[in-house]
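Student: Input data.pdb, format and content: PDB, C-alpha atoms.
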```pdb
ATOM      1  CA  MET Z1298      22.560 -26.487-129.850
ATOM      2  CA  SER Z1299      23.283 -22.900-131.046
ATOM      3  CA  SER Z1300      20.649 -20.182-130.964
ATOM      4  CA  LYS Z1301      20.861 -19.820-134.754
ATOM      5  CA  HIS Z1302      20.254 -23.503-135.251
ATOM      6  CA  GLN Z1303      17.512 -23.421-132.638
ATOM      7  CA  MET Z1304      15.839 -20.498-134.389
ATOM      8  CA  SER Z1305      16.146 -22.287-137.677
ATOM      9  CA  GLU Z1306      14.571 -25.387-136.172
ATOM     10  CA  ASP Z1307      11.842 -23.281-134.561
ATOM     11  CA  ARG Z1308      11.181 -21.683-137.893
ATOM     12  CA  LYS Z1309      11.122 -24.991-139.720
ATOM     13  CA  ASP Z1310       8.855 -26.483-137.075
ATOM     14  CA  SER Z1311       6.545 -23.541-137.370
ATOM     15  CA  ILE Z1312       6.491 -23.749-141.146
ATOM     16  CA  ARG Z1313       5.988 -27.494-141.057
ATOM     17  CA  ASP Z1314       3.068 -27.039-138.712
ATOM     18  CA  ALA Z1315       1.660 -24.365-140.952
ATOM     19  CA  VAL Z1316       2.118 -26.500-144.053
ATOM     20  CA  ALA Z1317       0.504 -29.443-142.291
ATOM     21  CA  LEU Z1318      -2.392 -27.259-141.364
ATOM     22  CA  MET Z1319      -2.626 -25.969-144.913
ATOM     23  CA  GLN Z1320      -2.531 -29.466-146.314
ATOM     24  CA  GLN Z1321      -5.267 -30.474-143.920
ATOM     25  CA  GLN Z1322      -7.323 -27.481-144.923
ATOM     26  CA  THR Z1323      -6.699 -28.211-148.591
ATOM     27  CA  ALA Z1324      -8.082 -31.719-148.048
ATOM     28  CA  ASP Z1325     -11.059 -30.416-146.191
ATOM     29  CA  LYS Z1326     -11.392 -26.685-146.759
ATOM     30  CA  ALA Z1327     -14.987 -26.523-145.758
ATOM     31  CA  GLN Z1328     -14.342 -27.845-142.281
ATOM     32  CA  GLY Z1329     -10.725 -27.053-141.438
ATOM     33  CA  MET Z1330      -9.849 -23.531-142.682
ATOM     34  CA  GLY Z1331     -11.083 -21.734-139.577
ATOM     35  CA  LYS Z1332      -9.454 -24.138-137.150
ATOM     36  CA  ALA Z1333      -6.141 -24.003-139.075
ATOM     37  CA  ALA Z1334      -6.053 -20.221-138.976
ATOM     38  CA  GLU Z1335      -6.798 -20.326-135.241
ATOM     39  CA  ALA Z1336      -3.991 -22.828-134.662
ATOM     40  CA  VAL Z1337      -1.542 -20.644-136.603
ATOM     41  CA  LEU Z1338      -2.471 -17.646-134.504
ATOM     42  CA  GLN Z1339      -1.988 -19.712-131.342
ATOM     43  CA  LEU Z1340       1.462 -20.562-132.634
ATOM     44  CA  VAL Z1341       2.111 -16.852-133.126
ATOM     45  CA  GLU Z1342       1.136 -16.217-129.502
ATOM     46  CA  ALA Z1343       3.439 -19.020-128.380
ATOM     47  CA  ILE Z1344       6.364 -17.457-130.249
ATOM     48  CA  ARG Z1345       5.524 -14.068-128.719
ATOM     49  CA  GLY Z1346       5.459 -15.751-125.324
ATOM     50  CA  HIS Z1347       8.908 -17.203-125.876
ATOM     51  CA  GLN Z1348      10.202 -13.790-126.899
ATOM     52  CA  ALA Z1349       8.617 -12.126-123.900
ATOM     53  CA  GLU Z1350      10.237 -14.710-121.622
ATOM     54  CA  ASP Z1351      13.632 -14.106-123.222
ATOM     55  CA  THR Z1352      13.135 -10.352-122.783
ATOM     56  CA  LYS Z1353      12.445 -10.822-119.077
ATOM     57  CA  ARG Z1354      15.475 -13.069-118.735
ATOM     58  CA  LYS Z1355      17.611 -10.495-120.550
ATOM     59  CA  GLN Z1356      16.405  -7.695-118.288
ATOM     60  CA  PHE Z1357      17.046  -9.875-115.251
ATOM     61  CA  CYS Z1358      20.552 -10.689-116.450
ATOM     62  CA  GLU Z1359      21.335  -7.027-117.156
ATOM     63  CA  PHE Z1360      20.032  -5.999-113.763
ATOM     64  CA  GLN Z1361      21.894  -8.748-111.946
ATOM     65  CA  LEU Z1362      25.113  -8.277-113.869
ATOM     66  CA  ASP Z1363      25.102  -4.499-113.418
ATOM     67  CA  GLY Z1364      24.263  -4.806-109.743
ATOM     68  CA  SER Z1365      26.808  -7.541-109.148
ATOM     69  CA  GLN Z1366      29.512  -5.618-110.971
ATOM     70  CA  ASP Z1367      28.761  -2.529-108.881
ATOM     71  CA  THR Z1368      28.712  -4.641-105.725
ATOM     72  CA  LYS Z1369      31.986  -6.296-106.702
ATOM     73  CA  ALA Z1370      33.686  -2.952-107.345
ATOM     74  CA  LYS Z1371      32.400  -1.581-104.043
ATOM     75  CA  LEU Z1372      33.491  -4.677-102.120
ATOM     76  CA  GLN Z1373      36.904  -4.619-103.753
ATOM     77  CA  GLY Z1374      37.331  -1.016-102.635
ATOM     78  CA  GLU Z1375      36.194  -1.808 -99.108
ATOM     79  CA  VAL Z1376      38.428  -4.875 -98.862
ATOM     80  CA  ALA Z1377      41.423  -2.860-100.090
ATOM     81  CA  ARG Z1378      40.670  -0.085 -97.582
ATOM     82  CA  LEU Z1379      40.250  -2.562 -94.713
ATOM     83  CA  LYS Z1380      43.433  -4.414 -95.640
ATOM     84  CA  ALA Z1381      45.363  -1.146 -95.707
ATOM     85  CA  ARG Z1382      43.886  -0.126 -92.352
ATOM     86  CA  GLN Z1383      44.697  -3.545 -90.951
ATOM     87  CA  GLU Z1384      48.335  -3.259 -92.019
ATOM     88  CA  TYR Z1385      48.569   0.251 -90.574
ATOM     89  CA  LEU Z1386      47.051  -0.775 -87.240
ATOM     90  CA  SER Z1387      49.279  -3.848 -87.020
ATOM     91  CA  SER Z1388      52.295  -1.636 -87.609
ATOM     92  CA  GLU Z1389      51.048   0.860 -85.025
ATOM     93  CA  VAL Z1390      50.474  -1.831 -82.381
ATOM     94  CA  THR Z1391      53.966  -3.223 -82.987
ATOM     95  CA  SER Z1392      55.509   0.242 -82.863
ATOM     96  CA  LEU Z1393      53.626   1.184 -79.693
ATOM     97  CA  THR Z1394      54.632  -2.075 -78.031
ATOM     98  CA  SER Z1395      58.271  -1.374 -78.818
ATOM     99  CA  GLU Z1396      57.976   2.227 -77.623
ATOM    100  CA  VAL Z1397      56.337   1.169 -74.370
ATOM    101  CA  GLU Z1398      59.089  -1.363 -73.706
ATOM    102  CA  GLY Z1399      61.695   1.327 -74.368
ATOM    103  CA  LEU Z1400      60.010   3.733 -71.954
ATOM    104  CA  LYS Z1401      59.798   1.048 -69.299
ATOM    105  CA  LYS Z1402      63.529   0.402 -69.671
ATOM    106  CA  ASP Z1403      64.233   4.132 -69.377
ATOM    107  CA  ALA Z1404      62.099   4.325 -66.239
ATOM    108  CA  ALA Z1405      63.933   1.319 -64.808
ATOM    109  CA  LYS Z1406      67.258   3.070 -65.504
ATOM    110  CA  PHE Z1407      66.052   6.077 -63.515
ATOM    111  CA  THR Z1408      65.110   3.951 -60.531
ATOM    112  CA  ASP Z1409      68.322   1.915 -60.784
ATOM    113  CA  ARG Z1410      70.400   5.100 -60.866
ATOM    114  CA  LEU Z1411      68.522   6.472 -57.864
ATOM    115  CA  SER Z1412      69.010   3.197 -55.998
ATOM    116  CA  GLN Z1413      72.737   3.345 -56.672
ATOM    117  CA  LEU Z1414      72.923   6.939 -55.462
ATOM    118  CA  GLU Z1415      70.949   6.100 -52.330
ATOM    119  CA  GLU Z1416      73.227   3.159 -51.657
ATOM    120  CA  VAL Z1417      76.292   5.419 -51.926
ATOM    121  CA  ARG Z1418      74.516   8.027 -49.815
ATOM    122  CA  SER Z1419      73.710   5.432 -47.183
ATOM    123  CA  LYS Z1420      77.391   4.546 -46.922
ATOM    124  CA  GLU Z1421      78.251   8.239 -46.699
ATOM    125  CA  GLN Z1422      75.705   8.675 -43.903
ATOM    126  CA  ASP Z1423      77.152   5.728 -42.020
ATOM    127  CA  SER Z1424      80.622   7.230 -42.397
ATOM    128  CA  TYR Z1425      79.326  10.633 -41.294
ATOM    129  CA  LYS Z1426      77.651   9.185 -38.209
ATOM    130  CA  THR Z1427      80.742   7.198 -37.289
ATOM    131  CA  SER Z1428      83.041  10.201 -37.795
ATOM    132  CA  SER Z1429      80.695  12.482 -35.849
ATOM    133  CA  ARG Z1430      80.547   9.996 -32.993
ATOM    134  CA  ASP Z1431      84.334   9.678 -32.964
ATOM    135  CA  ARG Z1432      84.758  13.469 -33.028
ATOM    136  CA  GLY Z1433      82.273  13.816 -30.206
ATOM    137  CA  LEU Z1434      84.117  11.276 -28.091
ATOM    138  CA  THR Z1435      87.435  12.927 -28.924
ATOM    139  CA  LEU Z1436      86.103  16.357 -27.973
ATOM    140  CA  LYS Z1437      84.880  14.956 -24.658
ATOM    141  CA  VAL Z1438      88.327  13.498 -24.018
ATOM    142  CA  VAL Z1439      90.087  16.725 -24.977
ATOM    143  CA  LYS Z1440      87.688  18.792 -22.862
ATOM    144  CA  LYS Z1441      88.311  16.468 -19.935
ATOM    145  CA  ALA Z1442      92.039  16.713 -20.501
ATOM    146  CA  LYS Z1443      91.828  20.492 -20.632
ATOM    147  CA  SER Z1444      89.877  20.536 -17.391
ATOM    148  CA  ILE Z1445      92.459  18.336 -15.747
ATOM    149  CA  VAL Z1446      95.372  20.403 -17.051
ATOM    150  CA  GLU Z1447      93.744  23.655 -16.012
ATOM    151  CA  GLY Z1448      93.096  22.249 -12.549
ATOM    152  CA  PHE Z1449      96.633  20.997 -12.304
ATOM    153  CA  TYR Z1450      98.257  24.270 -13.217
ATOM    154  CA  LYS Z1451      95.963  26.287 -10.982
ATOM    155  CA  SER Z1452      96.861  24.204  -7.916
ATOM    156  CA  LYS Z1453     100.040  24.681  -5.734
ATOM    157  CA  ASP Z1454     102.832  22.235  -5.186
ATOM    158  CA  LEU Z1455     103.116  22.046  -1.426
ATOM    159  CA  THR Z1456     106.342  20.082  -1.566
ATOM    160  CA  ALA Z1457     108.231  22.900  -3.287
ATOM    161  CA  PHE Z1458     109.380  26.422  -2.372
ATOM    162  CA  SER Z1459     108.374  29.534  -4.187
ATOM    163  CA  GLN Z1460     110.441  32.689  -4.359
ATOM    164  CA  GLU Z1461     109.018  35.923  -2.922
ATOM    165  CA  ASP Z1462     109.879  39.388  -4.082
ATOM    166  CA  ALA Z1463     111.915  41.345  -1.535
ATOM    167  CA  SER Z1464     111.554  45.059  -0.973
ATOM    168  CA  LEU Z1465     114.559  47.215  -1.162
ATOM    169  CA  GLN Z1466     115.904  48.108   2.353
ATOM    170  CA  GLY Z1467     118.455  50.624   1.518
ATOM    171  CA  ASP Z1468     120.676  48.135  -0.163
ATOM    172  CA  ALA Z1469     121.343  48.197  -3.860
ATOM    173  CA  SER Z1470     120.138  44.603  -4.333
ATOM    174  CA  PRO Z1471     117.036  43.091  -2.874
ATOM    175  CA  LYS Z1472     117.002  40.139  -0.583
ATOM    176  CA  VAL Z1473     115.547  36.876  -1.845
ATOM    177  CA  THR Z1474     113.072  35.119   0.388
ATOM    178  CA  TRP Z1475     111.406  31.672  -0.003
ATOM    179  CA  LYS Z1476     108.207  30.142   1.298
ATOM    180  CA  LEU Z1477     106.797  26.671   1.416
ATOM    181  CA  GLY Z1478     104.573  25.672  -1.618
ATOM    182  CA  SER Z1479     105.100  26.920  -5.226
ATOM    183  CA  SER Z1480     102.441  27.799  -7.852
ATOM    184  CA  ARG Z1481     102.231  25.727 -11.126
ATOM    185  CA  ASN Z1482     100.545  28.561 -12.973
ATOM    186  CA  GLY Z1483     103.012  29.443 -15.642
ATOM    187  CA  ASN Z1484     103.786  29.624 -19.337
ATOM    188  CA  LEU Z1485     103.899  25.870 -19.724
ATOM    189  CA  GLY Z1486     100.363  25.449 -18.407
ATOM    190  CA  SER Z1487      99.064  28.166 -20.700
ATOM    191  CA  SER Z1488     100.700  26.537 -23.706
ATOM    192  CA  VAL Z1489      99.190  23.171 -22.953
ATOM    193  CA  VAL Z1490      95.726  24.620 -22.488
ATOM    194  CA  ALA Z1491      96.057  26.660 -25.669
ATOM    195  CA  MET Z1492      97.116  23.561 -27.568
ATOM    196  CA  LEU Z1493      94.103  21.668 -26.259
ATOM    197  CA  ASP Z1494      91.821  24.572 -27.245
ATOM    198  CA  THR Z1495      93.273  24.491 -30.755
ATOM    199  CA  ILE Z1496      92.645  20.757 -30.978
ATOM    200  CA  MET Z1497      89.030  21.228 -29.879
ATOM    201  CA  GLU Z1498      88.531  24.075 -32.330
ATOM    202  CA  ASP Z1499      89.921  21.933 -35.135
ATOM    203  CA  PHE Z1500      87.578  19.081 -34.267
ATOM    204  CA  GLN Z1501      84.625  21.461 -33.963
ATOM    205  CA  LYS Z1502      85.429  23.030 -37.347
ATOM    206  CA  GLU Z1503      85.852  19.596 -38.854
ATOM    207  CA  GLN Z1504      82.465  18.576 -37.435
ATOM    208  CA  LYS Z1505      80.875  21.779 -38.695
ATOM    209  CA  ASP Z1506      82.278  21.139 -42.172
ATOM    210  CA  ALA Z1507      81.082  17.545 -42.003
ATOM    211  CA  ASP Z1508      77.589  18.719 -40.943
ATOM    212  CA  ALA Z1509      77.495  21.186 -43.849
ATOM    213  CA  ALA Z1510      78.675  18.514 -46.290
ATOM    214  CA  GLU Z1511      76.072  16.094 -44.946
ATOM    215  CA  GLU Z1512      73.312  18.667 -45.276
ATOM    216  CA  LYS Z1513      74.411  19.522 -48.823
ATOM    217  CA  ALA Z1514      74.575  15.840 -49.761
ATOM    218  CA  GLU Z1515      71.073  15.311 -48.382
ATOM    219  CA  GLU Z1516      69.771  18.305 -50.335
ATOM    220  CA  GLU Z1517      71.411  17.058 -53.518
ATOM    221  CA  LEU Z1518      69.989  13.570 -53.033
ATOM    222  CA  ALA Z1519      66.554  15.021 -52.323
ATOM    223  CA  LYS Z1520      66.838  17.032 -55.541
ATOM    224  CA  VAL Z1521      67.847  13.922 -57.459
ATOM    225  CA  ARG Z1522      64.935  12.032 -55.900
ATOM    226  CA  SER Z1523      62.529  14.788 -56.947
ATOM    227  CA  GLU Z1524      63.912  14.986 -60.482
ATOM    228  CA  THR Z1525      63.936  11.213 -60.820
ATOM    229  CA  LYS Z1526      60.352  10.989 -59.586
ATOM    230  CA  SER Z1527      59.306  13.720 -62.012
ATOM    231  CA  LEU Z1528      61.007  12.003 -64.945
ATOM    232  CA  PHE Z1529      59.696   8.619 -63.838
ATOM    233  CA  ASP Z1530      56.156   9.962 -63.518
ATOM    234  CA  LYS Z1531      56.382  11.536 -66.987
ATOM    235  CA  LYS Z1532      57.601   8.263 -68.423
ATOM    236  CA  LEU Z1533      54.794   6.374 -66.722
ATOM    237  CA  GLU Z1534      52.248   8.919 -67.915
ATOM    238  CA  HIS Z1535      53.565   8.548 -71.454
ATOM    239  CA  VAL Z1536      53.482   4.776 -71.092
ATOM    240  CA  SER Z1537      49.895   4.959 -69.872
ATOM    241  CA  LYS Z1538      48.836   7.063 -72.857
ATOM    242  CA  LEU Z1539      50.629   4.743 -75.244
ATOM    243  CA  LEU Z1540      49.001   1.700 -73.673
ATOM    244  CA  GLN Z1541      45.587   3.316 -74.022
ATOM    245  CA  GLU Z1542      46.334   4.131 -77.646
ATOM    246  CA  LYS Z1543      47.596   0.612 -78.196
ATOM    247  CA  ALA Z1544      44.424  -0.833 -76.645
ATOM    248  CA  ARG Z1545      42.259   1.300 -78.941
ATOM    249  CA  ASP Z1546      44.298   0.298 -81.980
ATOM    250  CA  ALA Z1547      44.211  -3.371 -80.982
ATOM    251  CA  GLU Z1548      40.440  -3.232 -80.512
ATOM    252  CA  GLU Z1549      39.969  -1.524 -83.871
ATOM    253  CA  LEU Z1550      42.378  -3.998 -85.469
ATOM    254  CA  THR Z1551      40.255  -6.902 -84.253
ATOM    255  CA  GLN Z1552      37.130  -5.304 -85.708
ATOM    256  CA  VAL Z1553      38.884  -4.413 -88.964
ATOM    257  CA  LYS Z1554      40.091  -8.000 -89.348
ATOM    258  CA  ALA Z1555      36.567  -9.300 -88.821
ATOM    259  CA  ASP Z1556      35.146  -6.755 -91.292
ATOM    260  CA  ALA Z1557      37.844  -7.594 -93.831
ATOM    261  CA  GLU Z1558      37.076 -11.309 -93.565
ATOM    262  CA  LEU Z1559      33.350 -10.638 -93.959
ATOM    263  CA  LYS Z1560      33.862  -8.355 -96.964
ATOM    264  CA  THR Z1561      36.275 -10.846 -98.523
ATOM    265  CA  SER Z1562      33.687 -13.599 -98.159
ATOM    266  CA  SER Z1563      31.028 -11.355 -99.689
ATOM    267  CA  LEU Z1564      33.377 -10.495-102.542
ATOM    268  CA  ALA Z1565      34.049 -14.167-103.213
ATOM    269  CA  ALA Z1566      30.312 -14.880-103.210
ATOM    270  CA  THR Z1567      29.706 -11.984-105.611
ATOM    271  CA  GLU Z1568      32.422 -13.202-107.936
ATOM    272  CA  ASP Z1569      30.928 -16.696-107.893
ATOM    273  CA  ALA Z1570      27.519 -15.216-108.692
ATOM    274  CA  LEU Z1571      29.011 -13.278-111.592
ATOM    275  CA  VAL Z1572      30.570 -16.452-112.970
ATOM    276  CA  LYS Z1573      27.227 -18.235-112.768
ATOM    277  CA  LEU Z1574      25.413 -15.291-114.328
ATOM    278  CA  GLY Z1575      28.006 -15.252-117.058
ATOM    279  CA  LYS Z1576      27.279 -18.853-117.871
ATOM    280  CA  ASP Z1577      23.514 -18.325-117.782
ATOM    281  CA  CYS Z1578      23.277 -14.930-119.411
ATOM    282  CA  THR Z1579      26.174 -14.371-121.775
ATOM    283  CA  LYS Z1580      24.759 -16.552-124.560
ATOM    284  CA  LEU Z1581      21.244 -15.189-124.141
ATOM    285  CA  MET Z1582      22.364 -11.552-124.243
ATOM    286  CA  ALA Z1583      24.721 -12.088-127.166
ATOM    287  CA  ASP Z1584      22.052 -13.751-129.346
ATOM    288  CA  TYR Z1585      19.047 -11.806-128.081
ATOM    289  CA  GLU Z1586      18.703  -9.318-130.958
ATOM    290  CA  LYS Z1587      19.320 -11.955-133.614
ATOM    291  CA  VAL Z1588      16.776 -14.357-132.102
ATOM    292  CA  ALA Z1589      14.237 -11.556-131.654
ATOM    293  CA  LYS Z1590      14.628 -10.560-135.308
ATOM    294  CA  GLU Z1591      14.081 -14.162-136.441
ATOM    295  CA  ARG Z1592      11.004 -14.493-134.263
ATOM    296  CA  ARG Z1593       9.537 -11.231-135.602
ATOM    297  CA  LYS Z1594       9.997 -12.599-139.118
ATOM    298  CA  GLN Z1595       8.317 -15.890-138.149
ATOM    299  CA  ILE Z1596       5.395 -14.048-136.606
ATOM    300  CA  LEU Z1597       4.859 -11.967-139.776
ATOM    301  CA  GLN Z1598       5.002 -15.060-141.937
ATOM    302  CA  LEU Z1599       2.593 -16.974-139.709
ATOM    303  CA  GLN Z1600       0.210 -14.026-139.574
ATOM    304  CA  ASP Z1601       0.159 -14.011-143.398
ATOM    305  CA  VAL Z1602      -0.479 -17.747-143.369
ATOM    306  CA  ALA Z1603      -3.386 -17.182-140.987
ATOM    307  CA  ASP Z1604      -4.769 -14.462-143.270
ATOM    308  CA  ILE Z1605      -4.549 -16.750-146.333
ATOM    309  CA  LEU Z1606      -6.199 -19.559-144.415
ATOM    310  CA  SER Z1607      -8.932 -17.109-143.565
ATOM    311  CA  GLY Z1608      -9.471 -16.320-147.269
ATOM    312  CA  ALA Z1609      -6.857 -13.802-148.353
ATOM    313  CA  THR Z1610      -4.935 -14.484-151.578
ATOM    314  CA  VAL Z1611      -1.706 -12.715-150.649
ATOM    315  CA  GLY Z1612      -0.065 -12.068-147.264
ATOM    316  CA  ALA Z1613       0.054  -8.345-146.775
ATOM    317  CA  ARG Z1614       3.149  -8.553-144.522
ATOM    318  CA  THR Z1615       5.501 -10.868-146.420
ATOM    319  CA  GLY Z1616       3.869 -11.189-149.857
ATOM    320  CA  LEU Z1617       3.064 -14.840-149.222
ATOM    321  CA  LYS Z1618       0.744 -16.231-151.945
ATOM    322  CA  VAL Z1619      -1.897 -18.921-151.881
ATOM    323  CA  GLY Z1620      -0.706 -22.356-152.839
ATOM    324  CA  LEU Z1621       0.946 -25.324-151.255
ATOM    325  CA  LEU Z1622       4.143 -24.979-153.259
ATOM    326  CA  GLU Z1623       4.605 -21.390-152.015
ATOM    327  CA  LEU Z1624       4.121 -22.533-148.410
ATOM    328  CA  GLN Z1625       6.573 -25.373-148.830
ATOM    329  CA  SER Z1626       9.141 -22.954-150.253
ATOM    330  CA  LEU Z1627       9.295 -21.289-146.857
ATOM    331  CA  GLU Z1628      11.262 -24.259-145.533
ATOM    332  CA  ALA Z1629      14.257 -23.433-147.735
TER     333      ALA Z1629
END
```
Show me, as structure tokens, the structure contained in the file I just sent.
Tutor:
Amino acid sequence: MSSKHQMSEDRKDSIRDAVALMQQQTADKAQGMGKAAEAVLQLVEAIRGHQAEDTKRKQFCEFQLDGSQDTKAKLQGEVARLKARQEYLSSEVTSLTSEVEGLKKDAAKFTDRLSQLEEVRSKEQDSYKTSSRDRGLTLKVVKKAKSIVEGFYKSKDLTAFSQEDASLQGDASPKVTWKLGSSRNGNLGSSVVAMLDTIMEDFQKEQKDADAAEEKAEEELAKVRSETKSLFDKKLEHVSKLLQEKARDAEELTQVKADAELKTSSLAATEDALVKLGKDCTKLMADYEKVAKERRKQILQLQDVADILSGATVGARTGLKVGLLELQSLEA
């Protein structure tokens, strides 16, 4: 039933009641006029009560609708902000995870490279030790050979004769004399010893060069170890910072997701409440002024009826006149 029709029915009911009261008073004016006027005024109070109730309902609806709309707008903003933050944090966590994996691979490359270098260096050291040992043994052999050769050429061959210088005895040519046992100390012995010395010097120089190369290789490997450790430590430090950042982002992401779900639920509840309020309040608020105007008119008419029932000839508010026909005309 529409508010207009309802108001019309209310009005007709009110008029009918008033007419009934008037008819009753007309039949028994002496006894019923006062009671009829009192009943009309009670009806006026009832209409005022209905209007007051509608006013309260209207104020409630306005308050609830305004508050719910504000709450909805605020929740929508918060949900949008949380969703955006959630997407950002998810992207950050993914990016950090990828970056950490990349750094770990780089660190592994450093250690793999160092392992390869140390493996090569280990083979070089083995070769160096073997070569040094061989040179040492060779030098011992050459030294022993030299000692033997020197001893051989310093000794005398007792099975041979050696020529002695003869002094001139007045003759133009000296006499040659011989004695048992000849010396082996000669140019051949010196050449052999010199050759052996050269061999030893070559081996010693070769060993010295090998020692220098070994020392340089060790220094270079130590430098590589230090640089690799420094780079590795920097990578690990960076990884550690990234993991800490990732942990913070992941923790915040969990909280943001929970907040977003809560705000989304609150938003849904607010939207449901707005729908319900719309159903309950839209009609009331749209027809409020029209219904209030109709009720004010009814109240004025009923107040005039009460005045006439109390003895007045004309209603001062609406110009209502005494007489049943005039009262009945109000139903039109």
Student: Output as AutoDock Vina command-line options the centre and edge lengths (Å, one decimal) of the box along x, y and z of the file that holds every listed atom of region 1531-1548 of chain Z after adding 5 Å on each side.
Tutor:
```
--center_x 49.0 --center_y 4.1 --center_z -74.4 --size_x 27.2 --size_y 24.9 --size_z 25.3
```
Student: What does the distance from CA of Lys1371 (chain Z) to CA of Thr1352 (chain Z) come to in Å, to one decimal?
Tutor: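 CA of Thr1352 (chain Z) lies at a distance of 28.3 Å from CA of Lys1371 (chain Z).
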Student: Give the answer as one residue: which of Z:Ala1603, Z:Ala1570, Z:Lys1526, Z:Ser1563 has the shortest atom-to-atom distance to Asp1363 (chain Z), using all atoms listed in the file?
Tutor: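 Among Z:Ala1603, Z:Ala1570, Z:Lys1526, Z:Ser1563, it is Z:Ala1570 that comes nearest to Asp1363 (chain Z).
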Student: Can you give me, as a list in words, the residues this file yields under the PyMOL selection byres ((chain Z and resi 1393-1402) around 7)?
Tutor: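 Taken on the displayed file, the PyMOL selection byres ((chain Z and resi 1393-1402) around 7) yields the residues Glu1389, Val1390, Thr1391, Ser1392, Asp1403, Ala1404, Ala1405, Lys1406, Lys1532, Val1536, Leu1539 and Lys1543 of chain Z.
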Student: Just the number, please: distance in Å from CA of Glu1421 (chain Z) to CA of Leu1493 (chain Z), one decimal.
Tutor: 29.1 Å
Student: Taking the file as shown, find all residues satisfying the PyMOL selection byres ((chain Z and resi 1415) around 12) and write them as a list of chain:residue names.
Tutor: Z:Thr1408, Z:Asp1409, Z:Arg1410, Z:Leu1411, Z:Ser1412, Z:Gln1413, Z:Leu1414, Z:Glu1416, Z:Val1417, Z:Arg1418, Z:Ser1419, Z:Lys1420, Z:Glu1421, Z:Gln1422, Z:Ala1514, Z:Glu1515, Z:Glu1517, Z:Leu1518, Z:Ala1519, Z:Val1521, Z:Arg1522
Student: Using all atoms listed in the file, can you list as a PyMOL selection string the residues within 12 Å of (77.8, 14.1, -41.6)?
Tutor: chain Z and resi 1418-1432+1503-1515
Student: Looking at only C-alpha atoms, which of Z:Ala1377, Z:Leu1362, Z:Ala1491, Z:Ile1344 is the one that sits closest to Val1446 (chain Z)?
Tutor: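 Comparing Z:Ala1377, Z:Leu1362, Z:Ala1491, Z:Ile1344 against Val1446 (chain Z), the winner is Z:Ala1491.
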Student: Report, in Å with one decimal, the straight-line distance from CA of Gln1366 (chain Z) to CA of Asp1569 (chain Z).
Tutor: 11.6 Å
Student: Here's the selection I'm unsure about, the PyMOL selection byres ((chain Z and resi 1545-1552) around 9); applied to the file above, which residues does it give, as number ranges by chain?
Tutor: Z: 1382-1384, 1386-1387, 1389-1390, 1540-1544, 1553-1557
Student: Looking at all atoms listed in the file, which of Z:Glu1568, Z:Val1490, Z:Gln1600, Z:Phe1407 is the one that sits closest to Ser1527 (chain Z)?
Tutor: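 Ranked by minimum distance to Ser1527 (chain Z), first place goes to Z:Phe1407.
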Student: Between Z:Gln1339, Z:Gln1501, Z:Thr1435, Z:Gln1361, which residue has the minimum interatomic distance to Asp1577 (chain Z), considering all atoms listed in the file?
Tutor: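 Smallest distance to Asp1577 (chain Z) is found for Z:Gln1361.
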Student: Leu1574 (chain Z): which residues within 12 Å, counting only C-alpha atoms, same-chain residues fewer than 6 positions away excluded, as a list in words?
Tutor: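 Residues near the query, excluding close chain neighbours: Arg1354, Lys1355, Phe1357, Cys1358, Glu1359, Phe1360, Gln1361, Leu1362, Asp1363, Gly1364, Ser1365, Gln1366, Thr1567, Glu1568, Lys1580, Leu1581 and Met1582 of chain Z.
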Student: Would you save the residues from that selection as a PDB file, in the frame of the given file, using C-alpha atoms?
Tutor:
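Here's the written file out.pdb:
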```pdb
ATOM      1  CA  ARG Z1354      15.475 -13.069-118.735  1.00  0.00           C
ATOM      2  CA  LYS Z1355      17.611 -10.495-120.550  1.00  0.00           C
ATOM      3  CA  PHE Z1357      17.046  -9.875-115.251  1.00  0.00           C
ATOM      4  CA  CYS Z1358      20.552 -10.689-116.450  1.00  0.00           C
ATOM      5  CA  GLU Z1359      21.335  -7.027-117.156  1.00  0.00           C
ATOM      6  CA  PHE Z1360      20.032  -5.999-113.763  1.00  0.00           C
ATOM      7  CA  GLN Z1361      21.894  -8.748-111.946  1.00  0.00           C
ATOM      8  CA  LEU Z1362      25.113  -8.277-113.869  1.00  0.00           C
ATOM      9  CA  ASP Z1363      25.102  -4.499-113.418  1.00  0.00           C
ATOM     10  CA  GLY Z1364      24.263  -4.806-109.743  1.00  0.00           C
ATOM     11  CA  SER Z1365      26.808  -7.541-109.148  1.00  0.00           C
ATOM     12  CA  GLN Z1366      29.512  -5.618-110.971  1.00  0.00           C
ATOM     13  CA  THR Z1567      29.706 -11.984-105.611  1.00  0.00           C
ATOM     14  CA  GLU Z1568      32.422 -13.202-107.936  1.00  0.00           C
ATOM     15  CA  LYS Z1580      24.759 -16.552-124.560  1.00  0.00           C
ATOM     16  CA  LEU Z1581      21.244 -15.189-124.141  1.00  0.00           C
ATOM     17  CA  MET Z1582      22.364 -11.552-124.243  1.00  0.00           C
TER      18      MET Z1582
END
```
